[in-house]
$ cat coords_13.cif   # mmCIF, C-alpha atoms
data_final
#
loop_
_atom_site.label_atom_id
_atom_site.label_comp_id
_atom_site.auth_asym_id
_atom_site.auth_seq_id
_atom_site.Cartn_x
_atom_site.Cartn_y
_atom_site.Cartn_z
CA MET A 1 164.98 -56.98 -23.50
CA MET A 2 165.93 -60.65 -23.24
CA LEU A 3 162.39 -61.50 -22.11
CA VAL A 4 160.88 -59.83 -25.19
CA MET A 5 163.40 -61.28 -27.65
CA GLY A 6 163.06 -64.75 -26.13
CA SER A 7 159.48 -64.93 -27.42
CA VAL A 8 161.06 -66.45 -30.54
CA TYR A 9 161.31 -69.67 -28.47
CA SER A 10 157.49 -69.78 -28.26
CA TYR A 11 157.25 -70.68 -31.94
CA SER A 12 155.93 -74.17 -31.21
CA VAL A 13 152.65 -72.49 -30.17
CA PHE A 14 152.23 -71.35 -33.78
CA ARG A 15 153.37 -74.59 -35.38
CA VAL A 16 150.10 -76.54 -35.61
CA PRO A 17 148.03 -73.47 -36.66
CA ILE A 18 150.66 -72.70 -39.32
CA GLU A 19 150.53 -76.28 -40.63
CA ARG A 20 146.74 -75.97 -40.91
CA TYR A 21 146.61 -72.45 -42.39
CA TYR A 22 149.41 -72.88 -44.96
CA ASP A 23 148.87 -76.64 -45.50
CA VAL A 24 152.52 -77.56 -44.92
CA SER A 25 154.19 -80.65 -43.44
CA SER A 26 155.92 -80.90 -40.05
CA ALA A 27 159.32 -80.55 -41.74
CA LEU A 28 158.30 -77.39 -43.61
CA SER A 29 156.47 -75.77 -40.70
CA GLY A 30 159.76 -75.55 -38.79
CA ILE A 31 161.41 -73.39 -41.47
CA PRO A 32 160.45 -69.93 -40.04
CA TYR A 33 161.73 -70.97 -36.60
CA MET A 34 165.02 -72.43 -37.83
CA LEU A 35 165.61 -69.45 -40.14
CA SER A 36 165.05 -67.11 -37.21
CA LEU A 37 167.62 -68.95 -35.11
CA PHE A 38 170.06 -69.14 -38.03
CA PHE A 39 169.96 -65.38 -38.73
CA TYR A 40 170.08 -64.70 -34.99
CA ALA A 41 173.35 -66.65 -34.87
CA LEU A 42 174.68 -65.13 -38.09
CA PHE A 43 174.12 -61.56 -36.92
CA MET A 44 175.60 -62.34 -33.50
CA GLY A 45 178.91 -62.64 -35.35
CA ILE A 46 178.27 -59.55 -37.46
CA SER A 47 177.15 -57.57 -34.41
CA GLY A 48 180.44 -58.36 -32.66
CA LYS A 49 182.26 -56.57 -35.48
CA ILE A 50 179.77 -53.69 -35.64
CA MET A 51 180.08 -53.04 -31.88
CA GLU A 52 183.78 -52.29 -32.24
CA LYS A 53 182.94 -48.90 -33.78
CA THR A 54 179.18 -48.29 -33.39
CA PRO A 55 177.60 -47.16 -30.09
CA HIS A 56 175.57 -49.85 -28.34
CA PHE A 57 172.46 -47.66 -28.35
CA LYS A 58 172.41 -47.35 -32.14
CA VAL A 59 172.85 -51.09 -32.65
CA MET A 60 169.97 -51.74 -30.24
CA VAL A 61 167.67 -49.34 -32.10
CA TYR A 62 168.47 -51.02 -35.43
CA GLY A 63 167.83 -54.42 -33.88
CA SER A 64 164.52 -53.31 -32.38
CA LEU A 65 163.32 -52.04 -35.76
CA PHE A 66 164.26 -55.32 -37.44
CA ILE A 67 162.33 -57.37 -34.87
CA ALA A 68 159.20 -55.21 -35.03
CA SER A 69 159.26 -55.17 -38.85
CA GLY A 70 159.66 -58.96 -38.85
CA TRP A 71 156.44 -59.44 -36.88
CA LEU A 72 154.75 -56.91 -39.17
CA VAL A 73 155.83 -58.73 -42.35
CA ALA A 74 154.60 -62.01 -40.83
CA TYR A 75 151.22 -60.29 -40.31
CA LEU A 76 151.05 -58.85 -43.83
CA GLY A 77 152.20 -61.99 -45.62
CA LYS A 78 149.53 -64.51 -46.45
CA SER A 79 152.05 -66.88 -48.06
CA PHE A 80 154.38 -69.24 -46.23
CA LEU A 81 157.40 -67.69 -47.98
CA VAL A 82 156.61 -64.20 -46.66
CA LEU A 83 155.97 -65.62 -43.19
CA SER A 84 159.43 -67.23 -43.31
CA LEU A 85 160.98 -63.92 -44.38
CA GLY A 86 159.35 -62.00 -41.53
CA TYR A 87 159.54 -64.46 -38.64
CA GLY A 88 162.74 -66.03 -39.88
CA VAL A 89 165.08 -63.52 -41.50
CA LEU A 90 164.01 -60.18 -40.01
CA ILE A 91 163.27 -61.20 -36.41
CA GLY A 92 166.39 -63.36 -36.30
CA THR A 93 168.53 -60.50 -37.62
CA GLY A 94 167.22 -58.09 -34.99
CA ILE A 95 167.79 -60.50 -32.11
CA GLY A 96 171.32 -61.19 -33.34
CA LEU A 97 172.16 -57.49 -33.40
CA ILE A 98 171.00 -56.89 -29.80
CA TYR A 99 171.73 -60.17 -28.00
CA GLY A 100 175.50 -59.85 -27.65
CA ILE A 101 175.52 -56.32 -26.21
CA PRO A 102 174.35 -57.15 -22.64
CA LEU A 103 176.68 -60.17 -22.63
CA THR A 104 179.67 -58.02 -23.59
CA VAL A 105 178.84 -55.47 -20.90
CA ILE A 106 178.49 -58.17 -18.23
CA THR A 107 181.72 -59.96 -19.23
CA ASN A 108 183.70 -56.73 -18.92
CA ARG A 109 182.13 -55.51 -15.68
CA PHE A 110 182.03 -58.77 -13.69
CA PRO A 111 185.14 -60.78 -14.65
CA ASN A 112 185.19 -62.88 -11.44
CA LYS A 113 181.57 -64.05 -11.51
CA LYS A 114 180.72 -63.63 -15.15
CA GLY A 115 179.10 -67.08 -15.34
CA LEU A 116 176.54 -66.27 -12.67
CA TYR A 117 175.78 -62.77 -13.97
CA LEU A 118 175.58 -63.94 -17.59
CA GLY A 119 173.17 -66.64 -16.42
CA LEU A 120 170.99 -64.11 -14.64
CA VAL A 121 170.80 -61.87 -17.71
CA LEU A 122 170.17 -64.84 -20.02
CA LEU A 123 167.46 -66.04 -17.63
CA GLY A 124 165.13 -63.53 -19.29
CA PHE A 125 165.61 -65.04 -22.74
CA GLY A 126 165.14 -68.62 -21.58
CA LEU A 127 162.23 -67.84 -19.28
CA SER A 128 160.37 -65.90 -21.94
CA PRO A 129 158.09 -68.76 -23.14
CA PHE A 130 156.84 -69.12 -19.55
CA ILE A 131 155.06 -65.81 -20.14
CA THR A 132 154.83 -65.49 -23.92
CA ALA A 133 153.71 -69.04 -24.84
CA PRO A 134 150.39 -68.96 -22.93
CA LEU A 135 149.94 -65.29 -23.87
CA MET A 136 150.41 -66.01 -27.56
CA GLN A 137 148.19 -69.09 -27.34
CA THR A 138 145.42 -66.92 -25.90
CA LEU A 139 145.92 -64.33 -28.64
CA VAL A 140 145.89 -66.98 -31.38
CA GLU A 141 142.61 -68.39 -30.05
CA SER A 142 140.92 -64.99 -29.81
CA LEU A 143 142.51 -63.07 -32.72
CA GLY A 144 144.05 -65.67 -35.04
CA ILE A 145 147.73 -66.06 -35.89
CA HIS A 146 148.05 -62.99 -38.13
CA MET A 147 146.52 -60.51 -35.68
CA THR A 148 148.78 -62.05 -33.02
CA PHE A 149 151.77 -61.21 -35.23
CA LEU A 150 150.54 -57.60 -35.53
CA THR A 151 150.08 -57.32 -31.77
CA MET A 152 153.62 -58.61 -31.22
CA SER A 153 154.99 -56.10 -33.74
CA ALA A 154 153.53 -53.09 -31.92
CA SER A 155 154.35 -54.27 -28.40
CA THR A 156 157.95 -55.30 -29.12
CA LEU A 157 158.68 -52.02 -30.89
CA VAL A 158 157.52 -49.95 -27.91
CA VAL A 159 159.22 -52.08 -25.24
CA LEU A 160 162.56 -52.60 -26.99
CA LEU A 161 162.98 -48.98 -28.04
CA ALA A 162 162.16 -47.83 -24.50
CA LEU A 163 164.69 -50.21 -22.95
CA SER A 164 167.34 -49.25 -25.50
CA LEU A 165 167.41 -45.80 -23.90
CA PHE A 166 169.24 -47.29 -20.90
CA TYR A 167 172.22 -47.94 -23.19
CA ARG A 168 172.61 -44.36 -24.42
CA HIS A 169 175.74 -43.91 -22.29
CA SER A 170 177.06 -47.46 -22.55
CA ARG A 171 180.63 -47.21 -23.83
CA ASN A 172 182.27 -49.61 -26.23
CA PRO A 173 185.36 -51.13 -24.59
CA ASP A 174 188.80 -50.43 -26.02
CA ILE A 175 189.58 -53.64 -27.84
CA HIS A 176 193.17 -54.80 -28.25
CA PHE A 177 193.28 -58.08 -30.11
CA GLU A 178 195.92 -60.33 -28.62
CA MET A 179 195.02 -63.00 -31.16
CA THR A 180 193.90 -62.53 -34.74
CA LEU A 181 190.79 -64.30 -35.92
CA ALA A 182 192.85 -66.37 -38.35
CA SER A 183 195.11 -67.66 -35.56
CA LEU A 184 192.10 -68.32 -33.33
CA LEU A 185 190.49 -70.48 -36.02
CA LYS A 186 193.66 -72.56 -36.21
CA LYS A 187 193.28 -73.62 -32.58
CA LYS A 188 192.04 -77.17 -32.12
CA SER A 189 190.47 -76.26 -28.77
CA TYR A 190 188.28 -73.63 -30.45
CA TRP A 191 186.89 -76.13 -32.95
CA MET A 192 186.36 -78.74 -30.26
CA LEU A 193 184.37 -76.17 -28.26
CA TYR A 194 182.50 -75.34 -31.47
CA GLY A 195 181.54 -79.01 -31.92
CA LEU A 196 180.42 -79.39 -28.31
CA PHE A 197 178.31 -76.23 -28.51
CA PHE A 198 176.79 -77.51 -31.75
CA ILE A 199 175.74 -80.83 -30.20
CA GLY A 200 174.31 -79.23 -27.05
CA THR A 201 172.24 -76.69 -28.96
CA PHE A 202 171.22 -79.11 -31.74
CA ILE A 203 169.33 -81.24 -29.22
CA GLY A 204 167.84 -78.35 -27.26
CA LEU A 205 166.71 -76.24 -30.22
CA SER A 206 165.13 -79.25 -31.93
CA VAL A 207 163.14 -80.10 -28.80
CA ILE A 208 162.00 -76.51 -28.30
CA GLY A 209 160.85 -76.39 -31.92
CA PHE A 210 158.55 -79.43 -31.64
CA SER A 211 157.56 -79.46 -27.94
CA SER A 212 154.03 -78.17 -28.44
CA SER A 213 153.24 -80.46 -31.39
CA TYR A 214 154.85 -83.44 -29.54
CA ILE A 215 152.56 -82.92 -26.54
CA TYR A 216 149.57 -82.53 -28.85
CA THR A 217 150.22 -85.55 -31.09
CA VAL A 218 151.95 -88.05 -28.76
CA HIS A 219 150.13 -87.50 -25.46
CA GLY A 220 146.82 -86.18 -26.77
CA TYR A 221 146.71 -82.88 -24.88
CA THR A 222 144.96 -79.85 -26.37
CA LEU A 223 146.98 -76.99 -27.85
CA GLU A 224 146.04 -74.87 -24.82
CA GLU A 225 147.40 -77.53 -22.47
CA ALA A 226 150.49 -77.88 -24.66
CA ALA A 227 151.15 -74.16 -24.26
CA PHE A 228 151.10 -74.65 -20.50
CA PHE A 229 153.78 -77.36 -20.75
CA VAL A 230 155.92 -75.13 -22.99
CA SER A 231 155.75 -72.36 -20.39
CA LEU A 232 156.68 -74.87 -17.67
CA PHE A 233 159.71 -76.10 -19.60
CA ALA A 234 160.74 -72.50 -20.23
CA VAL A 235 161.35 -72.16 -16.48
CA PHE A 236 163.94 -74.95 -16.75
CA ASN A 237 165.48 -73.32 -19.81
CA GLY A 238 165.92 -70.13 -17.80
CA LEU A 239 167.17 -71.91 -14.68
CA GLY A 240 169.72 -73.81 -16.78
CA ARG A 241 171.43 -70.54 -17.66
CA VAL A 242 171.82 -69.53 -14.03
CA LEU A 243 172.71 -73.04 -12.81
CA TYR A 244 175.34 -73.80 -15.43
CA GLY A 245 176.63 -70.23 -15.35
CA GLY A 246 177.27 -70.55 -11.61
CA LEU A 247 178.81 -74.01 -12.06
CA SER A 248 181.13 -72.61 -14.74
CA ASP A 249 182.46 -70.10 -12.19
CA ARG A 250 183.07 -72.82 -9.59
CA PHE A 251 184.26 -75.80 -11.66
CA SER A 252 186.27 -76.35 -14.81
CA THR A 253 184.63 -75.96 -18.21
CA SER A 254 185.03 -79.66 -19.03
CA THR A 255 183.48 -80.74 -15.71
CA THR A 256 180.40 -78.63 -16.38
CA MET A 257 180.16 -80.00 -19.93
CA THR A 258 180.40 -83.58 -18.65
CA LEU A 259 177.48 -82.94 -16.29
CA SER A 260 175.44 -81.51 -19.16
CA PHE A 261 175.99 -84.39 -21.56
CA GLY A 262 175.54 -86.96 -18.78
CA THR A 263 172.09 -85.59 -18.00
CA LEU A 264 171.27 -85.42 -21.73
CA VAL A 265 172.08 -89.13 -22.07
CA PHE A 266 169.79 -89.81 -19.12
CA GLY A 267 166.95 -87.59 -20.41
CA THR A 268 166.92 -88.93 -23.97
CA GLY A 269 167.29 -92.50 -22.70
CA LEU A 270 164.20 -92.06 -20.52
CA VAL A 271 162.03 -91.14 -23.52
CA LEU A 272 163.31 -94.14 -25.46
CA ALA A 273 162.65 -96.51 -22.55
CA PHE A 274 159.22 -95.15 -21.56
CA PRO A 275 157.72 -93.40 -24.63
CA GLU A 276 154.13 -93.61 -23.38
CA SER A 277 154.72 -92.21 -19.87
CA VAL A 278 153.57 -88.64 -19.28
CA PHE A 279 155.63 -88.48 -16.08
CA VAL A 280 158.79 -89.50 -17.95
CA PHE A 281 157.96 -87.01 -20.70
CA ILE A 282 157.81 -84.15 -18.16
CA ILE A 283 161.09 -85.18 -16.51
CA SER A 284 162.99 -85.72 -19.75
CA PHE A 285 161.80 -82.57 -21.51
CA SER A 286 162.62 -80.53 -18.39
CA ILE A 287 166.17 -81.91 -18.58
CA LEU A 288 166.47 -81.17 -22.29
CA TRP A 289 165.23 -77.57 -21.95
CA LEU A 290 167.47 -77.09 -18.87
CA ASN A 291 170.55 -78.11 -20.84
CA LEU A 292 169.85 -75.84 -23.79
CA GLY A 293 169.83 -72.96 -21.33
CA GLY A 294 172.96 -74.43 -19.77
CA TRP A 295 174.90 -74.41 -23.02
CA LEU A 296 174.02 -70.77 -23.63
CA ALA A 297 175.82 -70.03 -20.34
CA ILE A 298 178.66 -72.56 -20.67
CA ALA A 299 179.77 -71.43 -24.15
CA PRO A 300 180.28 -67.70 -23.46
CA VAL A 301 182.13 -68.38 -20.20
CA ALA A 302 184.35 -70.98 -21.90
CA THR A 303 185.06 -68.55 -24.75
CA SER A 304 186.10 -65.81 -22.35
CA ASN A 305 188.18 -68.13 -20.12
CA LEU A 306 190.01 -69.93 -22.92
CA PHE A 307 190.47 -67.18 -25.49
CA GLY A 308 190.44 -63.93 -23.49
CA LYS A 309 187.81 -61.30 -22.74
CA GLU A 310 189.46 -58.59 -24.85
CA ALA A 311 187.97 -59.91 -28.11
CA TYR A 312 185.09 -61.75 -26.45
CA SER A 313 182.31 -60.28 -28.61
CA ARG A 314 184.16 -61.25 -31.78
CA ASN A 315 185.22 -64.72 -30.61
CA TYR A 316 181.83 -65.67 -29.18
CA GLY A 317 180.06 -64.17 -32.18
CA VAL A 318 181.94 -66.55 -34.49
CA LEU A 319 181.40 -69.50 -32.12
CA PHE A 320 177.69 -68.70 -32.03
CA SER A 321 177.39 -69.67 -35.71
CA ALA A 322 177.29 -73.24 -34.37
CA TYR A 323 173.94 -72.32 -32.81
CA GLY A 324 172.61 -71.18 -36.17
CA ILE A 325 173.77 -74.30 -37.99
CA SER A 326 172.33 -76.55 -35.27
CA ALA A 327 169.01 -74.70 -35.54
CA LEU A 328 168.84 -75.27 -39.30
CA LEU A 329 169.88 -78.90 -39.22
CA GLY A 330 168.21 -79.89 -35.94
CA VAL A 331 164.75 -78.56 -36.69
CA PHE A 332 164.80 -79.77 -40.30
CA ILE A 333 166.18 -83.27 -39.63
CA SER A 334 163.80 -83.78 -36.71
CA GLY A 335 160.85 -82.79 -38.90
CA VAL A 336 161.97 -85.13 -41.69
CA LEU A 337 162.34 -88.05 -39.27
CA VAL A 338 158.87 -87.42 -37.79
CA ASP A 339 157.32 -87.31 -41.26
CA ALA A 340 159.22 -90.42 -42.40
CA PHE A 341 158.49 -92.64 -39.38
CA ASP A 342 155.29 -90.98 -38.13
CA SER A 343 156.91 -91.14 -34.68
CA TYR A 344 159.39 -89.24 -32.53
CA GLN A 345 161.34 -92.36 -31.48
CA ALA A 346 163.87 -92.04 -34.31
CA VAL A 347 164.47 -88.42 -33.29
CA PHE A 348 165.27 -89.43 -29.73
CA TRP A 349 167.61 -92.20 -30.88
CA MET A 350 169.48 -89.49 -32.77
CA PHE A 351 169.55 -87.30 -29.64
CA PHE A 352 170.80 -90.21 -27.52
CA ALA A 353 173.66 -90.93 -29.96
CA LEU A 354 174.61 -87.25 -30.06
CA SER A 355 174.61 -87.04 -26.25
CA VAL A 356 176.99 -90.01 -25.98
CA SER A 357 179.18 -88.44 -28.69
CA GLY A 358 179.21 -85.22 -26.66
CA LEU A 359 180.44 -87.08 -23.58
CA ILE A 360 183.27 -88.66 -25.57
CA LEU A 361 184.26 -85.36 -27.19
CA THR A 362 184.23 -83.63 -23.79
CA GLY A 363 186.79 -86.18 -22.55
CA LEU A 364 189.02 -85.44 -25.54
CA PHE A 365 188.52 -81.71 -25.00
CA ARG A 366 189.58 -82.03 -21.34
CA ARG A 367 192.76 -83.88 -22.31
CA HIS A 368 193.59 -81.34 -25.01
CA ILE A 369 193.22 -78.17 -22.90
CA THR A 370 195.09 -79.67 -19.91
CA SER A 371 198.00 -80.70 -22.16
CA GLN A 372 198.45 -77.18 -23.53
#
$ encode --input "coords_13.cif" --output "structure tokens"
Amino acid sequence: MMLVMGSVYSYSVFRVPIERYYDVSSALSGIPYMLSLFFYALFMGISGKIMEKTPHFKVMVYGSLFIASGWLVAYLGKSFLVLSLGYGVLIGTGIGLIYGIPLTVITNRFPNKKGLYLGLVLLGFGLSPFITAPLMQTLVESLGIHMTFLTMSASTLVVLLALSLFYRHSRNPDIHFEMTLASLLKKKSYWMLYGLFFIGTFIGLSVIGFSSSYIYTVHGYTLEEAAFFVSLFAVFNGLGRVLYGGLSDRFSTSTTMTLSFGTLVFGTGLVLAFPESVFVFIISFSILWLNLGGWLAIAPVATSNLFGKEAYSRNYGVLFSAYGISALLGVFISGVLVDAFDSYQAVFWMFFALSVSGLILTGLFRRHITSQ
């Protein structure tokens, strides 16, 4: 299920064809992708509340129908607004409804190694572009973007509904809230974690959104070759979930965060120092994709460890709104900067500054949670 839903990360394959077909700028062409991630994050929080009373199987069926209908609307709509509604609002809503269910099940069943097992499950979502990016690129070349949307609608409906059947007997845990949501939101540590998660995902989601067009415009590769690079980086996105999930089991949350932001400083600094180097581009983008996957493993483990597993789906669902906000702001601001400067250098200066800020905030976070 994660593999199918993770195809949303392959959006950069559509980006140049969308700019050509709808005659929109780089900033505007990112709107369907950032809307999809925003509604995905929004409905992660709503799904956490729904799962308290609704069987997992029903929620998964609803989510599957939303995703399939989103691809269908994208196919039917010949305007950019309708495309944004389908790819953005509907697909994002469906993913948000389903995404948290496997994570909740894993957190409750494997409390001692939840980081590793969460990483393994999330591997499917992060690794998805490795398969779906070249597949979609092939479909776009042979069928066009709209027939590709229709193909995705039919295939995702069949696969997701079939896999939902495995959750027919999955039971909702008995939830006893030790801490109300209002009291949770008063905790400084929760908001510090929120800010760290925002920074980590802001960088990663922005890079994922423009990777294909960056390879095409900066290094002169064809769109087919760009799709290959996207699939390569997807491997690192998937591995980041397993790597950082395992590290979160072994080391403290703040230690794992420090490693993440340290490597982000290194990766963004490389691009700034050697903007013309293809070798540096491959190394740095691998690091950036790896760390997005890492934060999607670090954040749920930190939420469970710091605020309890009893209300995990609710607490992480609210925290996940940071992902949605970072998707909206990251993709839009990056597109505006590219249009304004006709270069990606300003974008990477922003990423570098954010990475350094993340390191500083992690130090403050460490001091705060150890003093409690």
$ atom_distance --input "coords_13.cif" --atom1 "CA of Ala154 (chain A)" --atom2 "CA of Leu76 (chain A)"
13.5 Å
$ residues_around --input "coords_13.cif" --residues "Gly124 (chain A)" --least-positions-apart "4" --cutoff "12 Å" --atoms "only C-alpha atoms" --output "mmCIF file with C-alpha atoms, keeping the file's coordinate frame"
data_model
loop_
_atom_site.group_PDB
_atom_site.id
_atom_site.type_symbol
_atom_site.label_atom_id
_atom_site.label_comp_id
_atom_site.auth_asym_id
_atom_site.auth_seq_id
_atom_site.Cartn_x
_atom_site.Cartn_y
_atom_site.Cartn_z
ATOM 1 C CA MET A 1 164.980 -56.980 -23.500
ATOM 2 C CA MET A 2 165.930 -60.650 -23.240
ATOM 3 C CA LEU A 3 162.390 -61.500 -22.110
ATOM 4 C CA VAL A 4 160.880 -59.830 -25.190
ATOM 5 C CA MET A 5 163.400 -61.280 -27.650
ATOM 6 C CA GLY A 6 163.060 -64.750 -26.130
ATOM 7 C CA SER A 7 159.480 -64.930 -27.420
ATOM 8 C CA TYR A 9 161.310 -69.670 -28.470
ATOM 9 C CA TYR A 99 171.730 -60.170 -28.000
ATOM 10 C CA PRO A 102 174.350 -57.150 -22.640
ATOM 11 C CA TYR A 117 175.780 -62.770 -13.970
ATOM 12 C CA LEU A 118 175.580 -63.940 -17.590
ATOM 13 C CA GLY A 119 173.170 -66.640 -16.420
ATOM 14 C CA LEU A 120 170.990 -64.110 -14.640
ATOM 15 C CA SER A 128 160.370 -65.900 -21.940
ATOM 16 C CA PRO A 129 158.090 -68.760 -23.140
ATOM 17 C CA PHE A 130 156.840 -69.120 -19.550
ATOM 18 C CA ILE A 131 155.060 -65.810 -20.140
ATOM 19 C CA THR A 132 154.830 -65.490 -23.920
ATOM 20 C CA ALA A 234 160.740 -72.500 -20.230
ATOM 21 C CA VAL A 235 161.350 -72.160 -16.480
ATOM 22 C CA PHE A 236 163.940 -74.950 -16.750
ATOM 23 C CA ASN A 237 165.480 -73.320 -19.810
ATOM 24 C CA GLY A 238 165.920 -70.130 -17.800
ATOM 25 C CA LEU A 239 167.170 -71.910 -14.680
ATOM 26 C CA GLY A 240 169.720 -73.810 -16.780
ATOM 27 C CA ARG A 241 171.430 -70.540 -17.660
ATOM 28 C CA VAL A 242 171.820 -69.530 -14.030
ATOM 29 C CA GLY A 293 169.830 -72.960 -21.330
#
$ closest_residue --input "coords_13.cif" --among "A:Gly96, A:Asn112, A:Gly30, A:Ala133" --to "Ser84 (chain A)" --atoms "only C-alpha atoms"
A:Gly30
$ residues_around --input "coords_13.cif" --residues "Phe233 (chain A)" --least-positions-apart "4" --cutoff "8 Å" --atoms "only C-alpha atoms" --output "list in words"
Phe130, Phe229, Asn237, Phe285, Ser286, Trp289 and Leu290 of chain A
$ residues_around --input "coords_13.cif" --residues "Leu135 (chain A)" --least-positions-apart "5" --cutoff "12 Å" --atoms "all atoms listed in the file" --output "list in words"
Ser7, Ser10, Val13, Phe14, Ser128, Pro129, Phe130, Val140, Glu141, Ser142, Leu143, Thr148, Thr151, Met152, Glu224, Ala227, Phe228, Val230 and Ser231 of chain A
$ atom_distance --input "coords_13.cif" --atom1 "CA of Asp249 (chain A)" --atom2 "CA of Gly115 (chain A)"
5.5 Å
$ resolve_selection --input "coords_13.cif" --expression "the PyMOL selection byres ((chain A and resi 350) around 10)" --output "VMD selection string"
chain A and resid 203 268 333 to 334 337 345 to 349 351 to 355
$ atom_distance --input "coords_13.cif" --atom1 "CA of Ala340 (chain A)" --atom2 "CA of Ser36 (chain A)"
24.6 Å
$ decode --input "coords_13.cif" --residues "region 187-218 of chain A" --atoms "C-alpha atoms" --output "PDB file, in the first residue's frame"
ATOM      1  CA  LYS A 187       4.374  21.629  25.946  1.00  0.00           C
ATOM      2  CA  LYS A 188       7.435  23.468  24.664  1.00  0.00           C
ATOM      3  CA  SER A 189       9.071  20.166  23.664  1.00  0.00           C
ATOM      4  CA  TYR A 190       6.156  19.372  21.342  1.00  0.00           C
ATOM      5  CA  TRP A 191       6.500  22.677  19.493  1.00  0.00           C
ATOM      6  CA  MET A 192      10.267  22.331  19.292  1.00  0.00           C
ATOM      7  CA  LEU A 193       9.799  18.887  17.722  1.00  0.00           C
ATOM      8  CA  TYR A 194       7.209  20.446  15.408  1.00  0.00           C
ATOM      9  CA  GLY A 195       9.741  23.067  14.261  1.00  0.00           C
ATOM     10  CA  LEU A 196      12.485  20.492  13.708  1.00  0.00           C
ATOM     11  CA  PHE A 197      10.143  18.260  11.709  1.00  0.00           C
ATOM     12  CA  PHE A 198       9.091  21.286   9.654  1.00  0.00           C
ATOM     13  CA  ILE A 199      12.687  22.192   8.745  1.00  0.00           C
ATOM     14  CA  GLY A 200      13.658  18.608   7.875  1.00  0.00           C
ATOM     15  CA  THR A 201      10.657  18.048   5.622  1.00  0.00           C
ATOM     16  CA  PHE A 202      10.725  21.568   4.100  1.00  0.00           C
ATOM     17  CA  ILE A 203      14.118  20.844   2.547  1.00  0.00           C
ATOM     18  CA  GLY A 204      13.349  17.281   1.480  1.00  0.00           C
ATOM     19  CA  LEU A 205       9.916  17.917  -0.018  1.00  0.00           C
ATOM     20  CA  SER A 206      11.169  20.943  -1.948  1.00  0.00           C
ATOM     21  CA  VAL A 207      14.016  18.917  -3.454  1.00  0.00           C
ATOM     22  CA  ILE A 208      11.732  16.021  -4.377  1.00  0.00           C
ATOM     23  CA  GLY A 209       9.357  18.451  -6.066  1.00  0.00           C
ATOM     24  CA  PHE A 210      11.991  19.935  -8.403  1.00  0.00           C
ATOM     25  CA  SER A 211      14.524  17.086  -8.805  1.00  0.00           C
ATOM     26  CA  SER A 212      13.497  16.112 -12.330  1.00  0.00           C
ATOM     27  CA  SER A 213      13.341  19.687 -13.640  1.00  0.00           C
ATOM     28  CA  TYR A 214      16.666  20.510 -11.872  1.00  0.00           C
ATOM     29  CA  ILE A 215      18.420  17.635 -13.648  1.00  0.00           C
ATOM     30  CA  TYR A 216      16.834  18.669 -16.949  1.00  0.00           C
ATOM     31  CA  THR A 217      17.580  22.404 -16.762  1.00  0.00           C
ATOM     32  CA  VAL A 218      20.853  22.574 -14.781  1.00  0.00           C
TER      33      VAL A 218
END
